[in-house]
Every structure is written in structure tokens, then in C-alpha cells.
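Reviewing the structure listed below.
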Amino acid sequence: MIHSMSAAGYYESGALLAQYLLFHYGDAGEISPHAPAPPGSLEFPARCAALCIESTPESHRRRALDLGCAVGRAAFELTRACDEVLGIDFSKLFVDASQALKRDGRLPYRLPVEGDISLPSLARVPQGLRRDAARFERGDACDLRADIGSFGLVLMANLLDRLADPGACLARLPSLVEPGGTLVITTPCTWMSQFTPREKWLGGRLADGGPLRTGDALRDALAPHFEPVASQDMPFLIREHARKFQWSIALTTIWRRKG
Ligand SMILES: C[S@@+](CC[C@H](N)C(=O)[O-])C[C@H]1O[C@@H](n2cnc3c(N)ncnc32)[C@H](O)[C@@H]1O
């Protein structure tokens with residue numbers, strides 16, 4: 001799969017690594033030291049994992065896949081209920097960090113404060129999670145290895161609008177999710193030509209019949225193989241520095257594989 005260099009390199013920087021370690025493992029005081037975070041916007045990866053688990057019948061909790069896992073928090077959280085969890089990400093830096101967290105349970109990093117100022121911090125995998133049940137590897141969600149097998153649960157959290165070819169990723173899902181299994185997709189619908197060539201945007205564009213929203217495009221693409229189960233909005237907060245944040249509301253849809 002061809003990635004533009006800017007998109008492929010985007011998640012390989014130390015600044016983005018720190019941002020995602022804080023997003024996945026930081027507490028409320030670290031993330032928003034000067035004012036309360038917007039209600040319900042913290043612990044996004046843990047909330048995604050909890051939603052996945054409650055949406056997945058016990059008989060389908062053997063193998064789970066967190067596609068675009070970043071630094072691994074949701075994958076670790078899924079070990080609460082799933083026998084084995086595979087986290088896949090395109091970023092070598094993020095996969096290396098996930099593997100270090102699996103090995104050591106902790107990873108030191110620098111928390112950005114303002115400008116060149118940063119503070120030492122420590123990302124910790126919460127106690128009680130089965131780190132040995134999680135595995136991490138590099139991979140391209142648009143071109144997964146052929147022998148990856150199928151899963152009773154697939155989570156794609158805020159991945160779709162970062163892909164060079166989101167349609168190719170969706171086309172692989174029927175063979176990735178086992179019949180009766182669960183698919184959870186969250187997306188803030190932030191389509192940008194930096195990541196996805198405009199002609200490949202699933203939604204957020206004007207089509208012949210009028211504006212095409214991401215939710216409608218997803219339904220059209222998935223309907224032949226997946227039943228819609230539920231849809232909800234999930235807020236999340238990413239700290240850029242001590243006084244600047246991205247506050248987003250992810251469109252979250254849950255699907256059951258037909259068959
Ligand atoms: C917006 S972040 C979301 C990460 C995580 N799921 C979360 O909710 O915090 C997008 C993630 O997708 C990864 N990614 C981007 N393109 C990818 C691709 N083609 N295949 C796999 N992962 C990719 C990035 O490295 C990054 O970790």
C-alpha cells in the first residue's frame with residue numbers, strides 16, 4: 001500500500017508519541033492541569049474497550065484485534081475479557097512503545113508543558129490487565145498480512161480518516177471478523193488530504209446525490225456483510241500542551257458480522 005511520506009511519518013515523531021502516551025495512560029490532573037476536562041472526555045481507549053467487550057458475545061471473545069492501536073491501551077484493556085489480543089499499528093515508534101509497555105508495564109516519557117519545556121512522566125499499564133495476552137506488530141490496515149486469521153472482535157478507533165485507502169480497509173473486514181463477531185468503528189470524521197487523497201474520502205464530501213456523511217457511507221459499505229447494532233457519540237480529549245487540546249466527538253458504530 002502506498003502511503004504519502006507525510007502521512008507515513010506523521011506518527012513517527014517523539015512529540016506524537018508523548019501525546020498518545022498521555023492520551024492513553026495519563027490521569028485527569030496530568031491531562032488537564034488548569035481546568036476540568038469536558039465531561040466524559042477522558043479514558044477514551046478504556047471506554048472503547050469496555051464498549052467492545054459489552055457488545056461481544058462471550059463465545060466470540062477468543063481473539064480480538066485492535067487495528068491502529070497506537071500505544072496499546074485499548075488492546076491491554078481488551079485482555080480483561082478476550083483470551084488473546086493483537087494490536088496492529090503502522091508506526092514503528094508506537095509499536096515499539098506498546099511492546100515496551102507489555103514487557104515492563106511502564107514507560108517513561110516527557111510531558112509537553114509549553115514550548116521547549118517538558119516534565120518527566122511515566123505511562124503505566126493499569127494493574128490487573130493480562131499484558132502477556134496482548135501482542136503488538138507493525139502492519140498496514142489497508143494491506144494486512146494474508147495469514148492473520150479471523151477475530152471475534154475488531155476495534156478500529158479513530159483510524160479510518162487517517163488511512164490512505166479507507167475503502168480497502170473496509171473491504172477486508174468481512175474476512176477479518178468471524179460470523180457472529182463484532183466490529184466497532186469510531187471516527188471523528190476528520191477527513192484531510194494529508195492522510196487520505198480526497199477521491200478516497202468515505203464521507204465529508206459532496207457526491208452526486210448531495211452531501212455524503214461518513215455514517216451513511218459506512219452503512220452503505222458494510223451493509224452487505226454486517227448488521228448495524230448501535231450507534232453513539234464518544235467524546236475524547238487529546239492534550240497538545242498544558243493549555244491546548246483537541247476536543248473531538250467520535251461517531252461510534254457497532255456492527256455484527258452476518259452469517
Ligand atoms: C488517530 S490515531 C488513533 C489511535 C488509537 N486507536 C486511539 O484511539 O488512540 C491513528 C492511529 O492509526 C495508525 N495508522 C495510521 N495509518 C495506519 C495504517 N495504514 N495501518 C495501521 N495503522 C495506521 C497511526 O499510527 C495511529 O496510531
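How things are named: the first chain in the C-alpha cells is A, the next is B, and so on; residues count from 1 in each chain; ligands count from 1 in the order shown.
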Per DSSP on the backbone, filter region 146-193 of chain A down to the residues in strand (DSSP E) and report them as a VMD selection string. chain A and resid 151 to 157 177 to 187
Can I get the residues close to ligand 1 as an MDAnalysis selection string, where close means within 6 Å and we count only C-alpha atoms and all ligand atoms? chainID A and resid 11 45 68:70 89:91 139:142 157:159 162:163
For those residues, write C-alpha atoms to a file as a tab-separated table (two decimals), in the first residue's frame.
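Produced file result_15.tsv, reproduced below:
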chain	number	residue	atom	x	y	z
A	11	TYR	CA	3.07	9.17	13.85
A	45	PRO	CA	-9.23	3.85	24.88
A	68	GLY	CA	-4.49	1.23	14.60
A	69	CYS	CA	-3.73	0.52	18.27
A	70	ALA	CA	-1.24	3.42	18.74
A	89	ASP	CA	-0.18	-0.13	14.01
A	90	PHE	CA	1.74	1.34	11.11
A	91	SER	CA	4.01	3.42	13.36
A	139	GLY	CA	1.11	-3.59	9.80
A	140	ASP	CA	-0.85	-1.61	7.26
A	141	ALA	CA	-4.61	-1.65	7.86
A	142	CYS	CA	-5.10	-1.22	4.11
A	157	ALA	CA	-10.66	3.53	16.91
A	158	ASN	CA	-10.09	6.80	15.06
A	159	LEU	CA	-8.21	5.04	12.29
A	162	ARG	CA	-6.04	8.51	8.81
A	163	LEU	CA	-5.83	5.86	6.06
Gap from CA of Ile53 (chain A) to CA of Phe245 (chain A) - Å, one decimal: 28.7 Å
Counting only C-alpha atoms, the residue of A:Leu183, A:Val113, A:Leu119, A:Met156 that sits nearest Pro57 (chain A): A:Leu183
Trp191 (chain A): which residues within 10 Å, counting only C-alpha atoms, same-chain residues fewer than 5 positions away excluded, as a ChimeraX atom specification? /A:160-163,196-198,200-205,214
Hey, can you check how far CA of Glu137 (chain A) sits from CA of Val95 (chain A)? 6.2 Å
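Between CA of Asp83 (chain A) and CA of Ala64 (chain A) lies a distance of 8.1 Å.
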Exercise: region 224-232 of chain A partners within 8 Å, only C-alpha atoms, chain neighbours under 6 positions left out, as a VMD selection string: chain A and resid 174 251 to 258
From A:Glu43, A:Asp208, A:Asp132, A:Glu178, residue lying nearest Arg80 (chain A) [only C-alpha atoms]: A:Asp132
Extract, using only C-alpha atoms, all DNA, RNA and protein residues at most 10 Å from Thr79 (chain A), discarding same-chain residues fewer than 2 positions from it, and format them as a PyMOL selection string. chain A and resi 49+53+61-64+74-77+81-86+128-134
Preceding selection exported with C-alpha atoms as a tab-separated table (two decimals), in the first residue's frame:
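What landed in out35.tsv:
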chain	number	residue	atom	x	y	z
A	49	ALA	CA	-12.52	-1.46	25.05
A	53	ILE	CA	-16.47	-6.20	25.46
A	61	ARG	CA	-14.13	-13.30	22.86
A	62	ARG	CA	-11.26	-15.64	21.99
A	63	ARG	CA	-9.29	-13.46	19.54
A	64	ALA	CA	-9.56	-9.66	19.38
A	74	ALA	CA	-7.30	-0.41	24.36
A	75	ALA	CA	-5.52	-3.65	23.42
A	76	PHE	CA	-4.37	-4.12	27.03
A	77	GLU	CA	-7.89	-3.32	28.28
A	81	ALA	CA	-12.29	-10.37	28.56
A	82	CYS	CA	-10.51	-11.76	25.50
A	83	ASP	CA	-8.10	-14.71	25.51
A	84	GLU	CA	-5.67	-13.08	23.08
A	85	VAL	CA	-5.46	-9.57	21.67
A	86	LEU	CA	-3.44	-8.44	18.68
A	128	GLY	CA	-4.65	-6.47	36.78
A	129	LEU	CA	-4.50	-6.43	32.99
A	130	ARG	CA	-3.04	-9.54	31.34
A	131	ARG	CA	-0.12	-7.96	29.50
A	132	ASP	CA	1.07	-11.37	28.35
A	133	ALA	CA	-2.22	-11.87	26.46
A	134	ALA	CA	-1.56	-8.81	24.24
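Residues in contact range of region 108-110 of chain A, defined as at most 6 Å between only C-alpha atoms, with sequence neighbours fewer than 6 positions away removed, read Ser118, Leu119, Pro120, Ser121 and Leu122 of chain A.
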